[in-house]
Amino acid sequence: MLTIAWDVDDVLNNFISDWYKMKWTVENPNSKIKFEELKDNPPHKSLGITKLDFLKSLDEFRVTEEFQNIPPKQEILDWFKKYGNLARHIALTAVPLAHAGLSANWVIKYFGSWIRSFNFVPSYREAHDIHYYDNSKGEFLDWFKNVDIFVEDNETNFNDAEAIGIKGFLVNKPWNSNDKNIMEVLEELTNFILDKK
């Protein structure tokens with residue numbers, strides 16, 4: 001059975017979009033930038049703030065009740081309900097150590113029927129003096145050696161996975177080059193799995 005690694009933020013959910021609507025626009029009502037214009041990842045330059053301020057805002061959003069209740073991406077949840085039994089599933093996300101438990105809780109709450117393993121590469125934060133086994137998701141996947149498919153929104157992570165022989169599926173976001181909508185991506189994913197059976 002194939003194993004699929006799923007990114008969490010902006011793949012299983014719409015994290016940055018929800019942060020933008022629930023936090024950024026509320027705190028910056030005069031901001032003229034639209035979500036679709038956030039072409040860089042992270043998008044701090046597009047927003048006209050420092051990377052540190054952007055990450056601080058994301059971290060503040062993660063500890064809110066709003067974050068714990070952001071819904072999963074409906075198309076992804078529907079896909080799991082229909083096709084989740086065709087593969088094994090793990091989560092692989094980049095999240096600060098202080099908030100990894102919140103992310104894991106969210107994943108299990110919505111996808112625990114299928115995703116049984118939560119893995120993370122700690123996102124760097126100055127306040128965290130921790131050991132880093134891996135500096136990227138690509139390094140984690142190369143060490144893990146048991147993932148056949150990687151579903152991701154970050155093009156660098158997608159390319160790193162493909163470079164070590166893992167089939168990647170890139171979920172469309174303003175900051176990547178994929179122009180296929182989520183339904184097209186999920187159809188390709190389904191066909192790939194069925195072709196391997």
# chains A, B, ... in the order shown; residues from 1 in each chain; ligands from 1
$ closest_atom_pairs --of "region 71-132 of chain A" --to "region 163-173 of chain A" --cutoff "12 Å" --atoms "only C-alpha atoms" --output "JSON lines"
{"residue": "A:Lys73", "atom": "CA", "partner": "A:Val171", "partner_atom": "CA", "distance": 11.6}
{"residue": "A:Glu75", "atom": "CA", "partner": "A:Val171", "partner_atom": "CA", "distance": 11.8}
{"residue": "A:Ile76", "atom": "CA", "partner": "A:Val171", "partner_atom": "CA", "distance": 10.7}
$ write_last_selection --atoms "N, CA, C and O atoms" --output "mmCIF file, in the first residue's frame"
data_model
loop_
_atom_site.group_PDB
_atom_site.id
_atom_site.type_symbol
_atom_site.label_atom_id
_atom_site.label_comp_id
_atom_site.auth_asym_id
_atom_site.auth_seq_id
_atom_site.Cartn_x
_atom_site.Cartn_y
_atom_site.Cartn_z
ATOM 1 N N LYS A 73 -10.054 21.821 4.525
ATOM 2 C CA LYS A 73 -10.447 22.097 3.143
ATOM 3 C C LYS A 73 -11.458 21.028 2.741
ATOM 4 O O LYS A 73 -11.160 19.836 2.773
ATOM 5 N N GLU A 75 -12.795 19.928 -0.004
ATOM 6 C CA GLU A 75 -12.465 19.013 -1.103
ATOM 7 C C GLU A 75 -11.523 17.912 -0.639
ATOM 8 O O GLU A 75 -11.636 16.760 -1.066
ATOM 9 N N ILE A 76 -10.587 18.272 0.241
ATOM 10 C CA ILE A 76 -9.636 17.283 0.761
ATOM 11 C C ILE A 76 -10.363 16.302 1.684
ATOM 12 O O ILE A 76 -10.165 15.083 1.603
#
$ residues_around --residues "Asn41 (chain A)" --least-positions-apart "3" --cutoff "9 Å" --atoms "only C-alpha atoms" --output "ChimeraX atom specification"
/A:38,44,154,175-176
$ write_last_selection --atoms "N, CA and C atoms" --output "mmCIF file, in the first residue's frame"
data_model
loop_
_atom_site.group_PDB
_atom_site.id
_atom_site.type_symbol
_atom_site.label_atom_id
_atom_site.label_comp_id
_atom_site.auth_asym_id
_atom_site.auth_seq_id
_atom_site.Cartn_x
_atom_site.Cartn_y
_atom_site.Cartn_z
ATOM 1 N N LEU A 38 -0.349 37.685 -2.711
ATOM 2 C CA LEU A 38 0.745 37.211 -1.857
ATOM 3 C C LEU A 38 1.559 36.174 -2.625
ATOM 4 N N HIS A 44 5.833 38.185 3.781
ATOM 5 C CA HIS A 44 6.017 39.402 4.573
ATOM 6 C C HIS A 44 6.346 40.622 3.727
ATOM 7 N N ASN A 154 4.283 24.267 -0.896
ATOM 8 C CA ASN A 154 5.547 24.985 -1.031
ATOM 9 C C ASN A 154 6.372 24.341 -2.135
ATOM 10 N N TRP A 175 1.498 31.615 -4.128
ATOM 11 C CA TRP A 175 2.963 31.630 -4.061
ATOM 12 C C TRP A 175 3.618 30.459 -4.805
ATOM 13 N N ASN A 176 2.872 29.696 -5.581
ATOM 14 C CA ASN A 176 3.536 28.667 -6.393
ATOM 15 C C ASN A 176 3.067 28.735 -7.843
#
$ select_by_dssp --residues "region 68-118 of chain A" --states "strand (DSSP E)" --output "PyMOL selection string"
chain A and resi 88-95+115-118
$ write_last_selection --atoms "C-alpha atoms" --output "PDB file, in the first residue's frame"
ATOM      1  CA  ARG A  88      -1.649   4.987   4.319  1.00  0.00           C
ATOM      2  CA  HIS A  89      -1.360   8.626   5.419  1.00  0.00           C
ATOM      3  CA  ILE A  90       1.006  10.687   7.520  1.00  0.00           C
ATOM      4  CA  ALA A  91       1.119  14.405   8.229  1.00  0.00           C
ATOM      5  CA  LEU A  92       4.368  16.274   7.583  1.00  0.00           C
ATOM      6  CA  THR A  93       4.357  19.938   8.465  1.00  0.00           C
ATOM      7  CA  ALA A  94       6.729  22.736   9.380  1.00  0.00           C
ATOM      8  CA  VAL A  95       5.500  24.355  12.571  1.00  0.00           C
ATOM      9  CA  ILE A 115      -3.814  10.125   9.297  1.00  0.00           C
ATOM     10  CA  ARG A 116      -2.238   8.135  12.112  1.00  0.00           C
ATOM     11  CA  SER A 117       1.215   9.673  12.202  1.00  0.00           C
ATOM     12  CA  PHE A 118       1.978  13.348  12.837  1.00  0.00           C
TER      13      PHE A 118
END
$ closest_atom_pairs --of "region 53-150 of chain A" --to "region 181-191 of chain A" --cutoff "12 Å" --atoms "only C-alpha atoms" --output "tab-separated table"
residue	atom	partner	partner_atom	distance
A:Lys73	CA	A:Ile182	CA	9.7
A:Gln74	CA	A:Ile182	CA	10.3
A:Glu75	CA	A:Met183	CA	7.1
A:Ile76	CA	A:Leu186	CA	7.8
A:Leu77	CA	A:Leu186	CA	11.0
A:Asp78	CA	A:Leu186	CA	10.3
A:Trp79	CA	A:Leu186	CA	7.4
A:Phe80	CA	A:Leu186	CA	10.2
A:Lys82	CA	A:Thr190	CA	10.2
A:Tyr83	CA	A:Thr190	CA	7.5
A:Gly84	CA	A:Thr190	CA	9.8
A:Asn85	CA	A:Thr190	CA	11.4
A:Leu86	CA	A:Thr190	CA	8.8
A:Ala87	CA	A:Thr190	CA	10.1
A:Asp148	CA	A:Leu189	CA	11.6
A:Ile149	CA	A:Leu189	CA	8.7
A:Phe150	CA	A:Leu189	CA	9.9
$ select_by_dssp --residues "region 25-113 of chain A" --states "helix (DSSP H, G or I)" --output "number ranges by chain"
A: 25-27, 35-37, 44-47, 51-62, 65-68, 74-86, 97-111
$ closest_residue --among "A:Ser46, A:Ile70, A:Lys51, A:Arg125" --to "Lys21 (chain A)" --atoms "only C-alpha atoms"
A:Ile70
$ closest_residue --among "A:Met22, A:Val11, A:Ile4, A:Ile130" --to "Glu65 (chain A)" --atoms "only C-alpha atoms"
A:Met22
$ closest_residue --among "A:Asp59, A:Asp153, A:Asp10, A:Glu36" --to "Tyr124 (chain A)" --atoms "only C-alpha atoms"
A:Asp59
$ atom_distance --atom1 "CA of Asn69 (chain A)" --atom2 "CA of Trp106 (chain A)"
8.1 Å
$ residues_around --residues "Lys32 (chain A)" --least-positions-apart "4" --cutoff "10 Å" --atoms "only C-alpha atoms" --output "CSV table (one decimal) with C-alpha atoms, in the first residue's frame"
chain,number,residue,atom,x,y,z
A,25,THR,CA,-7.4,42.3,7.7
A,28,ASN,CA,-4.8,46.2,9.3
A,47,LEU,CA,2.5,42.7,3.2
$ closest_residue --among "A:Asn157, A:Lys180, A:Thr64, A:Pro174" --to "Phe35 (chain A)" --atoms "only C-alpha atoms"
A:Pro174
$ closest_residue --among "A:Gln68, A:Glu37, A:Ser123, A:Thr156" --to "Ile108 (chain A)" --atoms "only C-alpha atoms"
A:Gln68
$ atom_distance --atom1 "CA of Asn119 (chain A)" --atom2 "CA of Asn146 (chain A)"
12.8 Å
$ decode --residues "region 102-115 of chain A" --atoms "all heavy atoms" --output "mmCIF file, in the first residue's frame"
data_model
loop_
_atom_site.group_PDB
_atom_site.id
_atom_site.type_symbol
_atom_site.label_atom_id
_atom_site.label_comp_id
_atom_site.auth_asym_id
_atom_site.auth_seq_id
_atom_site.Cartn_x
_atom_site.Cartn_y
_atom_site.Cartn_z
ATOM 1 N N LEU A 102 -0.698 21.905 18.978
ATOM 2 C CA LEU A 102 -1.947 22.476 18.477
ATOM 3 C C LEU A 102 -2.222 21.999 17.057
ATOM 4 O O LEU A 102 -3.364 21.670 16.710
ATOM 5 C CB LEU A 102 -1.870 24.011 18.500
ATOM 6 C CG LEU A 102 -1.743 24.649 19.880
ATOM 7 C CD1 LEU A 102 -1.483 26.146 19.745
ATOM 8 C CD2 LEU A 102 -2.976 24.391 20.725
ATOM 9 N N SER A 103 -1.173 21.948 16.251
ATOM 10 C CA SER A 103 -1.320 21.478 14.878
ATOM 11 C C SER A 103 -1.701 20.001 14.861
ATOM 12 O O SER A 103 -2.593 19.585 14.116
ATOM 13 C CB SER A 103 -0.019 21.708 14.104
ATOM 14 O OG SER A 103 -0.161 21.328 12.758
ATOM 15 N N ALA A 104 -1.033 19.210 15.694
ATOM 16 C CA ALA A 104 -1.344 17.778 15.771
ATOM 17 C C ALA A 104 -2.787 17.566 16.208
ATOM 18 O O ALA A 104 -3.502 16.717 15.661
ATOM 19 C CB ALA A 104 -0.382 17.076 16.732
ATOM 20 N N ASN A 105 -3.224 18.340 17.187
ATOM 21 C CA ASN A 105 -4.602 18.230 17.671
ATOM 22 C C ASN A 105 -5.584 18.512 16.543
ATOM 23 O O ASN A 105 -6.576 17.796 16.377
ATOM 24 C CB ASN A 105 -4.824 19.211 18.832
ATOM 25 C CG ASN A 105 -6.222 19.108 19.401
ATOM 26 O OD1 ASN A 105 -6.589 18.099 19.972
ATOM 27 N ND2 ASN A 105 -7.013 20.165 19.232
ATOM 28 N N TRP A 106 -5.295 19.549 15.747
ATOM 29 C CA TRP A 106 -6.177 19.898 14.633
ATOM 30 C C TRP A 106 -6.227 18.761 13.606
ATOM 31 O O TRP A 106 -7.296 18.380 13.137
ATOM 32 C CB TRP A 106 -5.703 21.203 13.977
ATOM 33 C CG TRP A 106 -6.641 21.683 12.926
ATOM 34 C CD1 TRP A 106 -7.690 22.535 13.080
ATOM 35 C CD2 TRP A 106 -6.648 21.294 11.544
ATOM 36 N NE1 TRP A 106 -8.352 22.705 11.887
ATOM 37 C CE2 TRP A 106 -7.733 21.960 10.930
ATOM 38 C CE3 TRP A 106 -5.840 20.458 10.768
ATOM 39 C CZ2 TRP A 106 -8.032 21.800 9.576
ATOM 40 C CZ3 TRP A 106 -6.141 20.308 9.422
ATOM 41 C CH2 TRP A 106 -7.223 20.970 8.838
ATOM 42 N N VAL A 107 -5.070 18.195 13.276
ATOM 43 C CA VAL A 107 -5.010 17.110 12.293
ATOM 44 C C VAL A 107 -5.819 15.906 12.764
ATOM 45 O O VAL A 107 -6.630 15.353 12.012
ATOM 46 C CB VAL A 107 -3.552 16.692 12.001
ATOM 47 C CG1 VAL A 107 -3.496 15.399 11.196
ATOM 48 C CG2 VAL A 107 -2.816 17.806 11.259
ATOM 49 N N ILE A 108 -5.610 15.489 14.007
ATOM 50 C CA ILE A 108 -6.307 14.312 14.517
ATOM 51 C C ILE A 108 -7.814 14.576 14.630
ATOM 52 O O ILE A 108 -8.634 13.695 14.357
ATOM 53 C CB ILE A 108 -5.728 13.866 15.875
ATOM 54 C CG1 ILE A 108 -4.227 13.539 15.731
ATOM 55 C CG2 ILE A 108 -6.487 12.673 16.435
ATOM 56 C CD1 ILE A 108 -3.883 12.556 14.634
ATOM 57 N N LYS A 109 -8.167 15.800 15.012
ATOM 58 C CA LYS A 109 -9.580 16.167 15.138
ATOM 59 C C LYS A 109 -10.336 15.965 13.830
ATOM 60 O O LYS A 109 -11.437 15.433 13.803
ATOM 61 C CB LYS A 109 -9.672 17.637 15.582
ATOM 62 C CG LYS A 109 -11.071 18.194 15.672
ATOM 63 C CD LYS A 109 -11.004 19.654 16.121
ATOM 64 C CE LYS A 109 -12.381 20.305 16.160
ATOM 65 N NZ LYS A 109 -12.295 21.718 16.606
ATOM 66 N N TYR A 110 -9.720 16.374 12.713
ATOM 67 C CA TYR A 110 -10.418 16.324 11.431
ATOM 68 C C TYR A 110 -10.031 15.144 10.544
ATOM 69 O O TYR A 110 -10.822 14.715 9.710
ATOM 70 C CB TYR A 110 -10.196 17.631 10.666
ATOM 71 C CG TYR A 110 -10.885 18.805 11.302
ATOM 72 C CD1 TYR A 110 -10.172 19.785 11.969
ATOM 73 C CD2 TYR A 110 -12.279 18.931 11.264
ATOM 74 C CE1 TYR A 110 -10.809 20.870 12.559
ATOM 75 C CE2 TYR A 110 -12.929 20.003 11.848
ATOM 76 C CZ TYR A 110 -12.189 20.973 12.495
ATOM 77 O OH TYR A 110 -12.829 22.038 13.080
ATOM 78 N N PHE A 111 -8.797 14.642 10.700
ATOM 79 C CA PHE A 111 -8.313 13.608 9.774
ATOM 80 C C PHE A 111 -7.817 12.348 10.474
ATOM 81 O O PHE A 111 -7.222 11.485 9.838
ATOM 82 C CB PHE A 111 -7.192 14.183 8.901
ATOM 83 C CG PHE A 111 -7.657 15.238 7.940
ATOM 84 C CD1 PHE A 111 -7.557 16.583 8.273
ATOM 85 C CD2 PHE A 111 -8.203 14.902 6.710
ATOM 86 C CE1 PHE A 111 -8.000 17.563 7.397
ATOM 87 C CE2 PHE A 111 -8.645 15.871 5.828
ATOM 88 C CZ PHE A 111 -8.547 17.213 6.167
ATOM 89 N N GLY A 112 -8.076 12.226 11.767
ATOM 90 C CA GLY A 112 -7.569 11.089 12.532
ATOM 91 C C GLY A 112 -8.080 9.731 12.068
ATOM 92 O O GLY A 112 -7.465 8.707 12.350
ATOM 93 N N SER A 113 -9.179 9.712 11.336
ATOM 94 C CA SER A 113 -9.672 8.440 10.793
ATOM 95 C C SER A 113 -8.714 7.863 9.767
ATOM 96 O O SER A 113 -8.747 6.663 9.492
ATOM 97 C CB SER A 113 -11.043 8.632 10.148
ATOM 98 O OG SER A 113 -12.017 8.944 11.115
ATOM 99 N N TRP A 114 -7.853 8.705 9.197
ATOM 100 C CA TRP A 114 -6.938 8.262 8.144
ATOM 101 C C TRP A 114 -5.478 8.553 8.477
ATOM 102 O O TRP A 114 -4.624 7.705 8.266
ATOM 103 C CB TRP A 114 -7.292 8.942 6.822
ATOM 104 C CG TRP A 114 -8.723 8.781 6.451
ATOM 105 C CD1 TRP A 114 -9.309 7.694 5.841
ATOM 106 C CD2 TRP A 114 -9.773 9.719 6.711
ATOM 107 N NE1 TRP A 114 -10.658 7.916 5.690
ATOM 108 C CE2 TRP A 114 -10.976 9.148 6.210
ATOM 109 C CE3 TRP A 114 -9.838 10.986 7.288
ATOM 110 C CZ2 TRP A 114 -12.200 9.804 6.281
ATOM 111 C CZ3 TRP A 114 -11.052 11.642 7.369
ATOM 112 C CH2 TRP A 114 -12.219 11.048 6.874
ATOM 113 N N ILE A 115 -5.199 9.743 8.984
ATOM 114 C CA ILE A 115 -3.814 10.125 9.297
ATOM 115 C C ILE A 115 -3.493 9.664 10.702
ATOM 116 O O ILE A 115 -4.067 10.145 11.673
ATOM 117 C CB ILE A 115 -3.618 11.651 9.151
ATOM 118 C CG1 ILE A 115 -3.813 12.063 7.694
ATOM 119 C CG2 ILE A 115 -2.230 12.054 9.652
ATOM 120 C CD1 ILE A 115 -3.728 13.569 7.443
#
